[in-house]
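Visitor: Take this structure, written in structure tokens, and hold onto it; I'll ask about it next.
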Amino acid sequence: MSVQMVLLPVFVQVALTFALLIGMVVARRKTLVSGETQIRDIALGEPNWPKGATQIANCYRNQFELPVLFYVLIALALPLRRADLFIVLMSWVFVVTRFAHAGVFVSSNDLGRRSTVWLASGLVLLAMWVYFALKLLLLI
């Protein structure tokens with residue numbers, strides 16, 4: 001697999017993270033400008049943001065949990081030359097499920113749907129790690 005094919009899903013996942021960061025900044029700024037939130041209420045990091053801004057912030061923070069294992073896997077698979085078609089295809093499935101998770105998180109925040117999509121992304125990532133470990137350790 002070419003480096004570009006392996007890294008493209010990583011770049012898309014990074015783009016999702018930055019989009020959520022920008023969305024969080026915009027949502028928070030909007031509440032400050034409108035007066036809905038006062039600086040004194042959040043100056044020390046208190047959780048006093050309105051629901052919508054908190055949803056986006058929590059979704060953004062979530063991008064530094066499970067996706068970190070995805071980044072590590074790709075960072076190891078590339079130089080070890082273990083990033084094959086399976087890894088690339090599963091990377092795309094992982095990224096699509098992360099987009100679906102973010103979509104539910106910042107919109108309806110339906111915990112049932114959100115949990116289902118999160119579990120799907122976790123299982124995909126687990127399958128990638130098991131495959132990578134077997135491929136590396138058993139040299140398959």
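Convention: chains lettered A, B, ... in structure tokens order; per-chain residue numbering from 1; ligands numbered from 1 as shown.
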Using only C-alpha atoms, which residues sit within 8 Å of range 10-14 of chain A once same-chain residues fewer than 4 positions away are excluded, as JSON, numbers by chain?
Guide: {"A": [6, 18, 71, 91, 95, 98]}
Visitor: Give me a file of those residues, with N, CA, C and O atoms, as a compact mmCIF listing (two decimals), in the first residue's frame.
Guide:
```
# COMPACT_ATOMS: atom_id res chain seq x y z
N VAL A 6 -2.51 4.84 3.01
CA VAL A 6 -2.55 4.51 4.43
C VAL A 6 -2.85 5.76 5.26
O VAL A 6 -3.61 5.70 6.23
N PHE A 18 -10.23 18.58 14.10
CA PHE A 18 -10.13 20.04 13.95
C PHE A 18 -11.50 20.67 13.71
O PHE A 18 -11.78 21.77 14.22
N TYR A 71 -4.19 6.08 15.79
CA TYR A 71 -2.98 6.78 15.36
C TYR A 71 -1.73 5.96 15.66
O TYR A 71 -0.81 5.87 14.84
N SER A 91 -9.29 0.98 8.32
CA SER A 91 -9.08 2.37 8.73
C SER A 91 -10.25 3.23 8.27
O SER A 91 -10.75 4.08 9.02
N VAL A 95 -12.86 5.28 10.57
CA VAL A 95 -13.09 6.73 10.42
C VAL A 95 -14.57 7.01 10.15
O VAL A 95 -15.14 7.96 10.72
N ARG A 98 -16.37 6.80 13.32
CA ARG A 98 -16.06 7.96 14.17
C ARG A 98 -16.87 9.18 13.73
O ARG A 98 -17.33 9.96 14.55
```
Visitor: Can you pull out the residues contacting Thr37 in chain A? Cut-off 8 Å, using only C-alpha atoms, and skip same-chain residues under 6 positions away; I want them as a ChimeraX atom specification.
Guide: /A:31,48-50
Visitor: Based on the selection just made, write N, CA and C atoms of those residues as an mmCIF file, in the first residue's frame.
Guide:
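File again.cif, as written:
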```cif
data_model
loop_
_atom_site.group_PDB
_atom_site.id
_atom_site.type_symbol
_atom_site.label_atom_id
_atom_site.label_comp_id
_atom_site.auth_asym_id
_atom_site.auth_seq_id
_atom_site.Cartn_x
_atom_site.Cartn_y
_atom_site.Cartn_z
ATOM 1 N N THR A 31 -21.967 31.746 22.943
ATOM 2 C CA THR A 31 -22.625 31.873 24.244
ATOM 3 C C THR A 31 -22.035 33.011 25.071
ATOM 4 N N ASN A 48 -19.682 25.105 33.201
ATOM 5 C CA ASN A 48 -20.881 25.934 33.145
ATOM 6 C C ASN A 48 -21.277 26.346 31.729
ATOM 7 N N TRP A 49 -20.779 25.636 30.739
ATOM 8 C CA TRP A 49 -21.184 25.936 29.366
ATOM 9 C C TRP A 49 -22.579 25.390 29.123
ATOM 10 N N PRO A 50 -23.334 25.988 28.233
ATOM 11 C CA PRO A 50 -24.656 25.453 27.880
ATOM 12 C C PRO A 50 -24.543 24.069 27.236
#
```
Visitor: If you count only C-alpha atoms, which residues fall within 12 Å of range 99-101 of chain A, apart from same-chain ones fewer than 6 positions away, as a ChimeraX atom specification?
Guide: /A:9,12-17,19-20,56,58-60,62-63,66-67,92-93,107-122
Visitor: Do you have the CA of Val25 in chain A-CA of Thr54 in chain A distance handy?
Guide: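 Taking CA of Val25 in chain A as the start and CA of Thr54 in chain A as the end point, the length is 10.8 Å.
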Visitor: Give me, please, the distance in Å between CA of Phe105 in chain A and CA of Leu125 in chain A, quoted to one decimal.
Guide: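 Calculated distance between CA of Phe105 in chain A and CA of Leu125 in chain A is 19.4 Å.
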Visitor: Would you mind writing down, as a tab-separated table (two decimals) with N, CA, C and O atoms, in the first residue's frame, each residue of range 10-110 of chain A that DSSP on the backbone assigns to helix (DSSP H, G or I)?
Guide:
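For reference, part-v4.tsv as written:
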```tsv
chain	number	residue	atom	x	y	z
A	10	VAL	N	-6.21	8.71	8.10
A	10	VAL	CA	-5.67	9.41	9.27
A	10	VAL	C	-5.92	10.91	9.12
A	10	VAL	O	-6.38	11.58	10.06
A	11	PHE	N	-5.65	11.44	7.94
A	11	PHE	CA	-5.88	12.87	7.70
A	11	PHE	C	-7.36	13.23	7.84
A	11	PHE	O	-7.70	14.30	8.36
A	12	VAL	N	-8.23	12.34	7.40
A	12	VAL	CA	-9.67	12.60	7.52
A	12	VAL	C	-10.08	12.59	8.99
A	12	VAL	O	-10.87	13.44	9.43
A	13	GLN	N	-9.52	11.66	9.78
A	13	GLN	CA	-9.81	11.64	11.22
A	13	GLN	C	-9.29	12.90	11.89
A	13	GLN	O	-9.95	13.48	12.74
A	14	VAL	N	-8.11	13.34	11.50
A	14	VAL	CA	-7.56	14.59	12.04
A	14	VAL	C	-8.46	15.77	11.65
A	14	VAL	O	-8.71	16.67	12.47
A	15	ALA	N	-8.96	15.76	10.43
A	15	ALA	CA	-9.86	16.84	9.98
A	15	ALA	C	-11.13	16.87	10.84
A	15	ALA	O	-11.62	17.95	11.19
A	16	LEU	N	-11.65	15.69	11.18
A	16	LEU	CA	-12.83	15.64	12.07
A	16	LEU	C	-12.50	16.28	13.41
A	16	LEU	O	-13.29	17.07	13.94
A	17	THR	N	-11.33	15.99	13.94
A	17	THR	CA	-10.93	16.55	15.23
A	17	THR	C	-10.85	18.07	15.15
A	17	THR	O	-11.35	18.77	16.03
A	18	PHE	N	-10.23	18.58	14.10
A	18	PHE	CA	-10.13	20.04	13.95
A	18	PHE	C	-11.50	20.67	13.71
A	18	PHE	O	-11.78	21.77	14.22
A	19	ALA	N	-12.37	19.99	12.96
A	19	ALA	CA	-13.72	20.52	12.74
A	19	ALA	C	-14.47	20.63	14.07
A	19	ALA	O	-15.17	21.64	14.32
A	20	LEU	N	-14.32	19.64	14.91
A	20	LEU	CA	-14.98	19.69	16.23
A	20	LEU	C	-14.35	20.78	17.10
A	20	LEU	O	-15.07	21.45	17.85
A	21	LEU	N	-13.05	20.97	17.01
A	21	LEU	CA	-12.39	22.04	17.76
A	21	LEU	C	-12.94	23.40	17.34
A	21	LEU	O	-13.31	24.23	18.19
A	22	ILE	N	-13.04	23.61	16.04
A	22	ILE	CA	-13.58	24.87	15.53
A	22	ILE	C	-15.03	25.03	15.95
A	22	ILE	O	-15.46	26.11	16.39
A	23	GLY	N	-15.81	23.95	15.85
A	23	GLY	CA	-17.21	24.00	16.27
A	23	GLY	C	-17.34	24.33	17.74
A	23	GLY	O	-18.23	25.10	18.14
A	24	MET	N	-16.46	23.78	18.56
A	24	MET	CA	-16.49	24.06	19.99
A	24	MET	C	-16.17	25.53	20.26
A	24	MET	O	-16.87	26.19	21.04
A	25	VAL	N	-15.15	26.05	19.59
A	25	VAL	CA	-14.78	27.45	19.78
A	25	VAL	C	-15.92	28.37	19.36
A	25	VAL	O	-16.27	29.32	20.07
A	26	VAL	N	-16.52	28.08	18.22
A	26	VAL	CA	-17.63	28.90	17.72
A	26	VAL	C	-18.81	28.85	18.69
A	26	VAL	O	-19.39	29.89	19.03
A	27	ALA	N	-19.16	27.66	19.15
A	27	ALA	CA	-20.30	27.51	20.07
A	27	ALA	C	-20.04	28.23	21.39
A	27	ALA	O	-20.92	28.92	21.92
A	28	ARG	N	-18.83	28.09	21.89
A	28	ARG	CA	-18.51	28.76	23.16
A	28	ARG	C	-18.49	30.28	22.99
A	28	ARG	O	-18.99	31.01	23.84
A	29	ARG	N	-17.90	30.73	21.91
A	29	ARG	CA	-17.83	32.18	21.67
A	29	ARG	C	-19.24	32.76	21.54
A	29	ARG	O	-19.53	33.82	22.07
A	30	LYS	N	-20.10	32.04	20.85
A	30	LYS	CA	-21.48	32.49	20.67
A	30	LYS	C	-22.17	32.69	22.01
A	30	LYS	O	-22.87	33.68	22.23
A	31	THR	N	-21.97	31.75	22.94
A	31	THR	CA	-22.62	31.87	24.24
A	31	THR	C	-22.04	33.01	25.07
A	31	THR	O	-22.75	33.64	25.85
A	32	LEU	N	-20.74	33.29	24.88
A	32	LEU	CA	-20.12	34.41	25.59
A	32	LEU	C	-20.60	35.74	25.03
A	32	LEU	O	-20.93	36.66	25.77
A	33	VAL	N	-20.64	35.84	23.70
A	33	VAL	CA	-21.07	37.09	23.06
A	33	VAL	C	-22.53	37.39	23.37
A	33	VAL	O	-22.89	38.54	23.62
A	34	SER	N	-23.36	36.37	23.38
A	34	SER	CA	-24.79	36.58	23.66
A	34	SER	C	-25.07	36.86	25.13
A	34	SER	O	-26.16	37.30	25.48
A	39	ILE	N	-17.97	35.04	31.65
A	39	ILE	CA	-16.58	34.61	31.78
A	39	ILE	C	-16.29	34.14	33.20
A	39	ILE	O	-15.61	33.15	33.41
A	40	ARG	N	-16.82	34.83	34.18
A	40	ARG	CA	-16.56	34.44	35.57
A	40	ARG	C	-17.08	33.03	35.88
A	40	ARG	O	-16.60	32.36	36.79
A	41	ASP	N	-18.07	32.58	35.10
A	41	ASP	CA	-18.65	31.26	35.33
A	41	ASP	C	-17.79	30.12	34.78
A	41	ASP	O	-17.99	28.96	35.15
A	42	ILE	N	-16.87	30.45	33.89
A	42	ILE	CA	-16.06	29.40	33.25
A	42	ILE	C	-14.56	29.67	33.36
A	42	ILE	O	-13.76	28.88	32.89
A	51	LYS	N	-25.67	23.39	27.17
A	51	LYS	CA	-25.72	22.01	26.68
A	51	LYS	C	-25.07	21.83	25.30
A	51	LYS	O	-24.24	20.94	25.11
A	52	GLY	N	-25.43	22.66	24.35
A	52	GLY	CA	-24.91	22.50	22.99
A	52	GLY	C	-23.39	22.64	22.92
A	52	GLY	O	-22.71	21.84	22.27
A	53	ALA	N	-22.87	23.64	23.60
A	53	ALA	CA	-21.41	23.84	23.62
A	53	ALA	C	-20.72	22.69	24.34
A	53	ALA	O	-19.63	22.26	23.94
A	54	THR	N	-21.35	22.18	25.37
A	54	THR	CA	-20.78	21.05	26.11
A	54	THR	C	-20.78	19.78	25.27
A	54	THR	O	-19.81	19.01	25.30
A	55	GLN	N	-21.84	19.56	24.51
A	55	GLN	CA	-21.88	18.38	23.64
A	55	GLN	C	-20.73	18.39	22.66
A	55	GLN	O	-20.04	17.38	22.48
A	56	ILE	N	-20.50	19.51	22.01
A	56	ILE	CA	-19.41	19.60	21.03
A	56	ILE	C	-18.07	19.43	21.73
A	56	ILE	O	-17.18	18.73	21.24
A	57	ALA	N	-17.90	20.07	22.88
A	57	ALA	CA	-16.64	19.96	23.62
A	57	ALA	C	-16.38	18.52	24.05
A	57	ALA	O	-15.24	18.04	23.95
A	58	ASN	N	-17.41	17.83	24.51
A	58	ASN	CA	-17.24	16.43	24.91
A	58	ASN	C	-16.90	15.54	23.72
A	58	ASN	O	-16.08	14.63	23.83
A	59	CYS	N	-17.52	15.82	22.60
A	59	CYS	CA	-17.21	15.06	21.38
A	59	CYS	C	-15.78	15.32	20.94
A	59	CYS	O	-15.06	14.40	20.55
A	60	TYR	N	-15.36	16.58	21.01
A	60	TYR	CA	-13.97	16.92	20.68
A	60	TYR	C	-13.01	16.17	21.61
A	60	TYR	O	-12.05	15.56	21.16
A	61	ARG	N	-13.27	16.21	22.90
A	61	ARG	CA	-12.41	15.53	23.88
A	61	ARG	C	-12.37	14.03	23.60
A	61	ARG	O	-11.33	13.38	23.77
A	62	ASN	N	-13.47	13.47	23.13
A	62	ASN	CA	-13.54	12.05	22.82
A	62	ASN	C	-12.58	11.66	21.70
A	62	ASN	O	-12.17	10.51	21.61
A	66	LEU	N	-10.27	6.90	22.05
A	66	LEU	CA	-10.14	5.75	21.15
A	66	LEU	C	-9.29	6.05	19.90
A	66	LEU	O	-8.45	5.23	19.53
A	67	PRO	N	-9.46	7.20	19.25
A	67	PRO	CA	-8.65	7.46	18.05
A	67	PRO	C	-7.14	7.46	18.31
A	67	PRO	O	-6.36	7.22	17.37
A	68	VAL	N	-6.70	7.69	19.52
A	68	VAL	CA	-5.26	7.66	19.80
A	68	VAL	C	-4.71	6.27	19.49
A	68	VAL	O	-3.61	6.13	18.94
A	69	LEU	N	-5.47	5.23	19.82
A	69	LEU	CA	-5.01	3.87	19.50
A	69	LEU	C	-4.95	3.64	18.00
A	69	LEU	O	-4.12	2.88	17.50
A	70	PHE	N	-5.82	4.30	17.26
A	70	PHE	CA	-5.78	4.24	15.80
A	70	PHE	C	-4.50	4.90	15.27
A	70	PHE	O	-3.79	4.33	14.44
A	71	TYR	N	-4.19	6.08	15.79
A	71	TYR	CA	-2.98	6.78	15.36
A	71	TYR	C	-1.73	5.96	15.66
A	71	TYR	O	-0.81	5.87	14.84
A	72	VAL	N	-1.69	5.36	16.83
A	72	VAL	CA	-0.52	4.55	17.21
A	72	VAL	C	-0.38	3.35	16.27
A	72	VAL	O	0.72	3.03	15.82
A	73	LEU	N	-1.49	2.71	15.98
A	73	LEU	CA	-1.45	1.55	15.08
A	73	LEU	C	-0.88	1.92	13.72
A	73	LEU	O	0.02	1.25	13.21
A	74	ILE	N	-1.37	3.01	13.16
A	74	ILE	CA	-0.88	3.43	11.84
A	74	ILE	C	0.58	3.85	11.93
A	74	ILE	O	1.39	3.53	11.04
A	75	ALA	N	0.94	4.54	13.00
A	75	ALA	CA	2.33	4.98	13.18
A	75	ALA	C	3.28	3.79	13.29
A	75	ALA	O	4.45	3.89	12.89
A	76	LEU	N	2.81	2.68	13.80
A	76	LEU	CA	3.64	1.48	13.87
A	76	LEU	C	3.59	0.68	12.57
A	76	LEU	O	4.61	0.17	12.11
A	77	ALA	N	2.41	0.56	12.00
A	77	ALA	CA	2.23	-0.27	10.81
A	77	ALA	C	2.99	0.28	9.60
A	77	ALA	O	3.53	-0.50	8.81
A	85	LEU	N	-3.87	-3.85	2.57
A	85	LEU	CA	-5.23	-3.52	2.15
A	85	LEU	C	-6.23	-3.66	3.31
A	85	LEU	O	-7.12	-2.82	3.47
A	86	PHE	N	-6.08	-4.70	4.13
A	86	PHE	CA	-6.98	-4.89	5.26
A	86	PHE	C	-6.89	-3.69	6.21
A	86	PHE	O	-7.92	-3.16	6.64
A	87	ILE	N	-5.70	-3.27	6.53
A	87	ILE	CA	-5.51	-2.13	7.44
A	87	ILE	C	-6.13	-0.87	6.84
A	87	ILE	O	-6.81	-0.11	7.55
A	88	VAL	N	-5.94	-0.64	5.57
A	88	VAL	CA	-6.48	0.56	4.93
A	88	VAL	C	-8.00	0.52	4.91
A	88	VAL	O	-8.67	1.51	5.28
A	89	LEU	N	-8.57	-0.61	4.52
A	89	LEU	CA	-10.04	-0.71	4.49
A	89	LEU	C	-10.64	-0.56	5.88
A	89	LEU	O	-11.64	0.15	6.06
A	90	MET	N	-10.04	-1.20	6.85
A	90	MET	CA	-10.55	-1.09	8.22
A	90	MET	C	-10.34	0.32	8.78
A	90	MET	O	-11.14	0.79	9.59
A	91	SER	N	-9.29	0.98	8.32
A	91	SER	CA	-9.08	2.37	8.73
A	91	SER	C	-10.25	3.23	8.27
A	91	SER	O	-10.75	4.08	9.02
A	92	TRP	N	-10.68	3.01	7.04
A	92	TRP	CA	-11.81	3.77	6.53
A	92	TRP	C	-13.09	3.45	7.30
A	92	TRP	O	-13.89	4.34	7.60
A	93	VAL	N	-13.29	2.18	7.62
A	93	VAL	CA	-14.47	1.80	8.40
A	93	VAL	C	-14.41	2.48	9.77
A	93	VAL	O	-15.41	3.03	10.25
A	94	PHE	N	-13.23	2.47	10.38
A	94	PHE	CA	-13.07	3.13	11.67
A	94	PHE	C	-13.40	4.62	11.57
A	94	PHE	O	-14.17	5.15	12.38
A	95	VAL	N	-12.86	5.28	10.57
A	95	VAL	CA	-13.09	6.73	10.42
A	95	VAL	C	-14.57	7.01	10.15
A	95	VAL	O	-15.14	7.96	10.72
A	96	VAL	N	-15.21	6.22	9.33
A	96	VAL	CA	-16.64	6.41	9.05
A	96	VAL	C	-17.45	6.25	10.34
A	96	VAL	O	-18.36	7.05	10.61
A	97	THR	N	-17.11	5.26	11.14
A	97	THR	CA	-17.84	5.08	12.39
A	97	THR	C	-17.56	6.23	13.36
A	97	THR	O	-18.43	6.61	14.14
A	98	ARG	N	-16.37	6.80	13.32
A	98	ARG	CA	-16.06	7.96	14.17
A	98	ARG	C	-16.87	9.18	13.73
A	98	ARG	O	-17.33	9.96	14.55
A	99	PHE	N	-17.05	9.35	12.42
A	99	PHE	CA	-17.89	10.44	11.92
A	99	PHE	C	-19.34	10.22	12.34
A	99	PHE	O	-20.02	11.16	12.75
A	100	ALA	N	-19.81	8.98	12.25
A	100	ALA	CA	-21.18	8.67	12.67
A	100	ALA	C	-21.34	8.94	14.16
A	100	ALA	O	-22.34	9.54	14.60
A	101	HIS	N	-20.36	8.54	14.94
A	101	HIS	CA	-20.39	8.78	16.39
A	101	HIS	C	-20.44	10.27	16.68
A	101	HIS	O	-21.26	10.73	17.49
A	102	ALA	N	-19.59	11.04	16.01
A	102	ALA	CA	-19.58	12.49	16.22
A	102	ALA	C	-20.90	13.11	15.79
A	102	ALA	O	-21.42	14.02	16.45
A	103	GLY	N	-21.46	12.62	14.70
A	103	GLY	CA	-22.74	13.15	14.23
A	103	GLY	C	-23.84	12.96	15.24
A	103	GLY	O	-24.63	13.89	15.51
A	104	VAL	N	-23.91	11.77	15.83
A	104	VAL	CA	-24.92	11.52	16.86
A	104	VAL	C	-24.61	12.35	18.10
A	104	VAL	O	-25.50	12.95	18.70
A	105	PHE	N	-23.33	12.41	18.46
A	105	PHE	CA	-22.91	13.10	19.68
A	105	PHE	C	-23.32	14.58	19.66
A	105	PHE	O	-23.85	15.10	20.64
A	106	VAL	N	-23.09	15.26	18.55
A	106	VAL	CA	-23.35	16.70	18.50
A	106	VAL	C	-24.76	17.05	18.06
A	106	VAL	O	-25.14	18.22	18.09
```
Visitor: Give me, please, the distance in Å between CA of Glu65 in chain A and CA of Ser2 in chain A, quoted to one decimal.
Guide: 27.0 Å
Visitor: Given the choices A:Leu7, A:Met1, A:Leu44, A:Ala83, which gets closest to Lys135 in chain A if the distance is worked out from only C-alpha atoms?
Guide: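 The shortest atom-to-atom distance to Lys135 in chain A comes from A:Ala83.
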Visitor: Rank nothing, just name the residue among A:Leu80, A:Gln38, A:Met5, A:Ala127 nearest to Leu139 in chain A, using only C-alpha atoms.
Guide: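 Distance minimum relative to Leu139 in chain A lands on A:Leu80.
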